[in-house]
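Enquirer: Contents of structure_18.cif (mmCIF, C-alpha atoms) are given next:
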```cif
data_final
loop_
_atom_site.label_atom_id
_atom_site.label_comp_id
_atom_site.auth_asym_id
_atom_site.auth_seq_id
_atom_site.Cartn_x
_atom_site.Cartn_y
_atom_site.Cartn_z
CA MET A 998 -16.77 -27.45 -24.28
CA PRO A 999 -13.90 -29.88 -23.35
CA GLU A 1000 -11.69 -28.10 -25.90
CA SER A 1001 -11.74 -24.96 -23.70
CA VAL A 1002 -10.09 -26.71 -20.74
CA PRO A 1003 -6.53 -26.80 -22.15
CA ARG A 1004 -6.80 -23.12 -23.12
CA THR A 1005 -7.91 -22.22 -19.61
CA ARG A 1006 -5.05 -24.15 -18.04
CA GLY A 1007 -2.60 -22.62 -20.47
CA TYR A 1008 -3.88 -19.14 -19.71
CA LYS A 1009 -3.48 -19.70 -15.96
CA LYS A 1010 0.04 -21.00 -16.48
CA LYS A 1011 0.95 -17.92 -18.55
CA GLU A 1012 -0.48 -15.66 -15.87
CA ARG A 1013 1.54 -17.45 -13.19
CA THR A 1014 4.75 -17.15 -15.22
CA ARG A 1015 4.15 -13.47 -15.94
CA ARG A 1016 3.46 -12.81 -12.26
CA GLN A 1017 6.59 -14.77 -11.33
CA LEU A 1018 8.66 -12.55 -13.60
CA VAL A 1019 7.10 -9.32 -12.35
CA GLU A 1020 7.52 -10.26 -8.68
CA ALA A 1021 11.14 -11.24 -9.36
CA GLY A 1022 11.60 -7.91 -11.11
CA ALA A 1023 10.30 -6.03 -8.06
CA ARG A 1024 12.86 -7.77 -5.86
CA VAL A 1025 15.71 -7.14 -8.32
CA LEU A 1026 14.68 -3.52 -8.78
CA ALA A 1027 14.68 -2.97 -5.02
CA GLU A 1028 18.15 -4.51 -4.73
CA LYS A 1029 19.92 -3.17 -7.83
CA GLY A 1030 17.91 -0.12 -8.90
CA GLU A 1031 17.10 0.68 -12.53
CA GLY A 1032 20.50 -0.57 -13.65
CA PHE A 1033 19.40 -4.18 -13.42
CA SER A 1034 19.70 -6.50 -16.43
CA VAL A 1035 17.31 -9.01 -17.94
CA SER A 1036 19.77 -11.68 -16.82
CA ASP A 1037 19.30 -10.53 -13.22
CA VAL A 1038 15.56 -10.97 -13.53
CA VAL A 1039 15.56 -14.38 -15.18
CA ALA A 1040 18.06 -15.66 -12.62
CA GLU A 1041 15.83 -14.44 -9.78
CA ALA A 1042 12.72 -15.90 -11.42
CA ALA A 1043 14.51 -19.15 -12.38
CA VAL A 1044 13.38 -18.96 -16.02
CA SER A 1045 15.17 -18.58 -19.35
CA ASN A 1046 15.89 -15.40 -21.31
CA GLY A 1047 13.51 -16.67 -23.97
CA THR A 1048 10.72 -16.93 -21.43
CA PHE A 1049 11.27 -13.30 -20.44
CA TYR A 1050 10.98 -12.10 -24.03
CA ASN A 1051 7.86 -14.18 -24.58
CA TYR A 1052 6.13 -11.82 -22.15
CA PHE A 1053 8.01 -8.52 -22.42
CA PRO A 1054 9.59 -7.09 -25.59
CA ASP A 1055 12.13 -4.96 -23.67
CA ARG A 1056 13.18 -3.63 -20.27
CA ASP A 1057 11.03 -0.49 -20.54
CA VAL A 1058 7.81 -2.46 -20.92
CA PHE A 1059 8.93 -4.73 -18.11
CA ILE A 1060 9.63 -1.83 -15.73
CA ASP A 1061 6.17 -0.46 -16.52
CA ALA A 1062 4.67 -3.82 -15.56
CA VAL A 1063 6.65 -3.95 -12.30
CA ALA A 1064 5.59 -0.41 -11.36
CA GLU A 1065 1.94 -1.12 -12.10
CA HIS A 1066 2.13 -4.34 -10.09
CA SER A 1067 3.60 -2.41 -7.17
CA ALA A 1068 0.83 0.22 -7.29
CA LEU A 1069 -1.88 -2.43 -7.52
CA SER A 1070 -0.35 -4.39 -4.62
CA LEU A 1071 -0.29 -1.28 -2.47
CA ALA A 1072 -3.89 -0.44 -3.40
CA ALA A 1073 -5.00 -4.02 -2.66
CA ALA A 1074 -3.27 -4.00 0.74
CA LEU A 1075 -4.91 -0.73 1.71
CA ALA A 1076 -8.30 -1.99 0.52
CA GLN A 1077 -8.09 -4.72 3.17
CA GLU A 1078 -7.83 -2.18 5.98
CA PRO A 1079 -11.10 -1.59 7.89
CA ILE A 1080 -11.25 2.18 7.34
CA ARG A 1081 -14.86 3.24 6.89
CA ASP A 1082 -14.52 7.03 6.64
CA PRO A 1083 -13.71 8.04 3.02
CA ALA A 1084 -11.69 11.06 4.19
CA GLU A 1085 -9.58 8.93 6.52
CA ARG A 1086 -9.17 6.30 3.79
CA PHE A 1087 -7.97 8.94 1.32
CA ALA A 1088 -5.55 10.34 3.91
CA VAL A 1089 -4.06 6.94 4.75
CA ALA A 1090 -3.76 5.79 1.12
CA THR A 1091 -2.07 9.01 0.04
CA MET A 1092 0.20 9.02 3.08
CA GLU A 1093 1.22 5.40 2.43
CA MET A 1094 2.16 6.17 -1.16
CA LEU A 1095 4.11 9.29 -0.24
CA ARG A 1096 5.90 7.56 2.62
CA MET A 1097 6.94 4.84 0.18
CA ALA A 1098 8.27 7.52 -2.15
CA ARG A 1099 10.24 9.17 0.65
CA THR A 1100 11.86 5.94 1.87
CA ASP A 1101 12.35 4.08 -1.43
CA ASP A 1102 13.97 6.24 -4.07
CA THR A 1103 13.92 3.51 -6.73
CA TRP A 1104 10.21 2.85 -6.22
CA ALA A 1105 9.48 6.57 -6.48
CA ARG A 1106 11.51 6.92 -9.69
CA VAL A 1107 9.82 4.06 -11.51
CA MET A 1108 6.39 5.27 -10.39
CA LEU A 1109 7.09 8.78 -11.64
CA ARG A 1110 8.44 7.40 -14.88
CA LEU A 1111 5.26 5.41 -15.42
CA VAL A 1112 2.67 8.04 -14.49
CA SER A 1113 4.35 10.55 -16.82
CA ARG A 1114 4.37 8.22 -19.80
CA PRO A 1115 1.43 8.75 -22.24
CA GLY A 1116 -0.64 5.63 -22.65
CA SER A 1117 0.86 3.85 -19.65
CA GLY A 1118 -1.26 1.31 -17.80
CA LEU A 1119 -1.06 3.23 -14.53
CA ASP A 1120 -3.73 5.85 -13.90
CA LEU A 1121 -3.68 7.01 -10.30
CA SER A 1122 -7.02 8.76 -10.68
CA ARG A 1123 -8.61 5.38 -11.43
CA TYR A 1124 -7.80 4.26 -7.88
CA LEU A 1125 -9.12 7.48 -6.36
CA ARG A 1126 -12.35 8.07 -8.24
CA GLU A 1127 -14.44 5.42 -6.50
CA ASP A 1128 -13.48 6.56 -3.00
CA LEU A 1129 -14.05 10.20 -3.89
CA GLU A 1130 -17.44 9.43 -5.40
CA GLU A 1131 -18.41 7.59 -2.23
CA GLY A 1132 -17.19 10.43 -0.02
CA HIS A 1133 -19.13 12.98 -2.04
CA ALA A 1134 -22.30 10.86 -1.98
CA GLU A 1135 -22.06 10.60 1.82
CA GLY A 1136 -21.49 14.33 2.18
CA ARG A 1137 -17.97 13.80 3.48
CA PHE A 1138 -16.47 15.71 0.56
CA SER A 1139 -18.22 18.86 -0.56
CA VAL A 1140 -16.46 18.80 -3.94
CA GLY A 1141 -17.38 16.18 -6.52
CA PRO A 1142 -14.72 13.99 -8.14
CA ASP A 1143 -14.71 15.58 -11.58
CA ASP A 1144 -11.65 15.44 -13.81
CA ALA A 1145 -10.32 18.81 -12.63
CA VAL A 1146 -10.43 17.76 -8.97
CA LEU A 1147 -8.82 14.41 -9.72
CA ASP A 1148 -6.07 16.14 -11.69
CA GLN A 1149 -5.47 18.49 -8.78
CA VAL A 1150 -5.23 15.72 -6.19
CA VAL A 1151 -3.14 13.38 -8.35
CA GLY A 1152 -0.89 16.24 -9.44
CA LEU A 1153 -0.27 17.18 -5.81
CA THR A 1154 0.75 13.61 -5.01
CA VAL A 1155 3.00 13.27 -8.05
CA MET A 1156 4.75 16.60 -7.49
CA THR A 1157 5.42 15.71 -3.85
CA MET A 1158 6.94 12.40 -4.97
CA ARG A 1159 9.10 14.31 -7.44
CA ARG A 1160 10.38 16.58 -4.67
CA PHE A 1161 11.42 13.52 -2.68
CA VAL A 1162 13.34 12.17 -5.66
CA ASP A 1163 14.97 15.54 -6.33
CA GLY A 1164 15.88 16.02 -2.66
CA ARG A 1165 13.80 19.20 -2.42
CA ALA A 1166 11.08 18.02 -0.01
CA ARG A 1167 10.81 19.71 3.37
CA PRO A 1168 10.21 17.72 6.57
CA GLY A 1169 6.53 16.90 6.84
CA ALA A 1170 5.94 17.33 3.11
CA GLU A 1171 3.72 14.24 2.98
CA ARG A 1172 1.50 15.56 5.79
CA ASP A 1173 1.17 18.90 3.99
CA ALA A 1174 0.27 17.16 0.73
CA VAL A 1175 -2.38 14.97 2.40
CA ALA A 1176 -3.93 17.97 4.14
CA ARG A 1177 -4.00 20.05 0.94
CA GLY A 1178 -5.55 17.15 -0.94
CA LEU A 1179 -8.33 16.88 1.63
CA GLU A 1180 -8.89 20.62 1.48
CA ALA A 1181 -9.21 20.37 -2.30
CA LEU A 1182 -12.03 17.89 -1.69
CA GLY A 1183 -13.80 20.33 0.60
CA VAL A 1184 -12.67 19.18 4.04
CA GLU A 1185 -12.19 22.06 6.50
CA SER A 1186 -8.55 23.01 7.04
CA ALA A 1187 -8.35 22.12 10.76
CA GLU A 1188 -9.86 18.68 10.20
CA ALA A 1189 -7.69 18.10 7.11
CA GLN A 1190 -4.58 18.81 9.18
CA ALA A 1191 -5.76 16.47 11.95
CA LEU A 1192 -6.50 13.68 9.48
CA ALA A 1193 -3.05 14.07 7.91
CA VAL A 1194 -1.35 13.79 11.31
CA ALA A 1195 -3.47 10.75 12.19
CA ALA A 1196 -2.67 9.13 8.82
CA ALA A 1197 1.07 9.61 9.42
CA ALA A 1198 0.74 7.93 12.83
CA TRP A 1199 -1.31 5.10 11.30
CA VAL A 1200 1.32 4.43 8.62
CA ASP A 1201 4.08 4.55 11.25
CA ARG A 1202 2.27 1.94 13.37
CA ARG A 1203 1.65 -0.27 10.34
CA SER A 1204 5.29 -0.03 9.32
CA ALA A 1205 6.48 -0.80 12.85
CA GLY A 1206 4.22 -3.85 12.93
CA ALA A 1207 5.60 -5.10 9.61
CA ASP A 1208 9.16 -4.59 10.84
CA SER A 1209 8.41 -6.56 14.01
CA GLU A 1210 7.04 -9.45 11.95
CA ASP A 1211 10.17 -9.39 9.77
CA ASP A 1212 12.38 -9.47 12.85
CA ARG A 1213 10.50 -12.45 14.25
CA GLY A 1214 10.80 -14.20 10.90
CA ASP A 1215 14.53 -13.54 10.77
CA GLY A 1216 14.94 -14.83 14.30
CA GLY A 1217 13.04 -17.96 13.40
CA ASP A 1218 15.33 -18.57 10.45
CA ARG A 1219 18.41 -18.25 12.60
CA ALA A 1220 17.12 -20.56 15.34
#
```
Can you dump the structure from the file as structure tokens?
Expert:
Amino acid sequence: MPESVPRTRGYKKKERTRRQLVEAGARVLAEKGEGFSVSDVVAEAAVSNGTFYNYFPDRDVFIDAVAEHSALSLAAALAQEPIRDPAERFAVATMEMLRMARTDDTWARVMLRLVSRPGSGLDLSRYLREDLEEGHAEGRFSVGPDDAVLDQVVGLTVMTMRRFVDGRARPGAERDAVARGLEALGVESAEAQALAVAAAAWVDRRSAGADSEDDRGDGGDRA
């Protein structure tokens, strides 16, 4: 039994280093876009080039890891919100992702790159299935979360993100996508539209609150 302790500590250290690299990569990606270099990442993470290649064989695998980390972080943040209604939760989560895609072109591009790659670690339907199953069990969604429904909802989200990246999205495209997704799950059209509008307002308030906290933090640094 004592022999397992060093392995456990070593594993935790490796996980911390990998997370350090991925979080540094997210910051570099946001600042420099996909043209960043490995040197940019290791400088941000304060590690060596060799350390980087101990965890990631190349930039493509690394970008995949950063994108998956970003999606998981967003899902984890939304999971902390006290939204009981599955339909409202779906609307807010989808709106948050689409709003991110509209406002952060680099984030949208790496997410689209990852979801379109066969065998990638990011499966958006994995994050939806549990909520959709719950909503169906409670009678909130009249359509069950089978593969065809999941493909329809995920495809709608992905194609809307692609329109943002291509500059082809109309104003209010995220609200339309959220409403159509809810309708695909069996929510009546009028309620689906109302939930989409409410989700947009919720995301706006959340974003405004985060901006206010950043401003207070910046002011504190300057003082």
Enquirer: Would you mind listing what lies within 12 Å of segment 1050-1064 of chain A as a ChimeraX atom specification, with only C-alpha atoms counted and same-chain residues fewer than 3 positions away left out?
Expert: /A:1011-1027,1030-1039,1044-1047,1067-1071,1103-1121
Enquirer: Within 10 Å of Ala1187 of chain A, counting only C-alpha atoms, which residues show up once you throw out same-chain ones fewer than 5 positions away? Write them as a count of residues only, please.
Expert: 3
Enquirer: Find the residue from A:Glu1131, A:Asp1173, A:Glu1085, A:Glu1028 that sits nearest to Leu1153 of chain A; use all atoms listed in the file when measuring.
Expert: A:Asp1173
Enquirer: With distances taken over all atoms listed in the file, which of A:Val1194, A:Phe1161, A:Glu1185, A:Thr1154 is nearest to Met1094 of chain A?
Expert: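 Under the stated criterion, the closest residue is A:Thr1154.
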Enquirer: For each of A:Ala1191, A:Leu1095, A:Val1089, A:Ile1080, take the minimum atom-to-atom distance to Arg1160 of chain A, counting all atoms listed in the file, then give the residue where this is smallest.
Expert: A:Leu1095
Enquirer: Can you find the residues with an atom no farther than 12 Å from (12.8, 14.5, 5.0), counting all atoms listed in the file, and report them as a PyMOL selection string?
Expert: chain A and resi 1095-1096+1098-1100+1157-1158+1160-1172
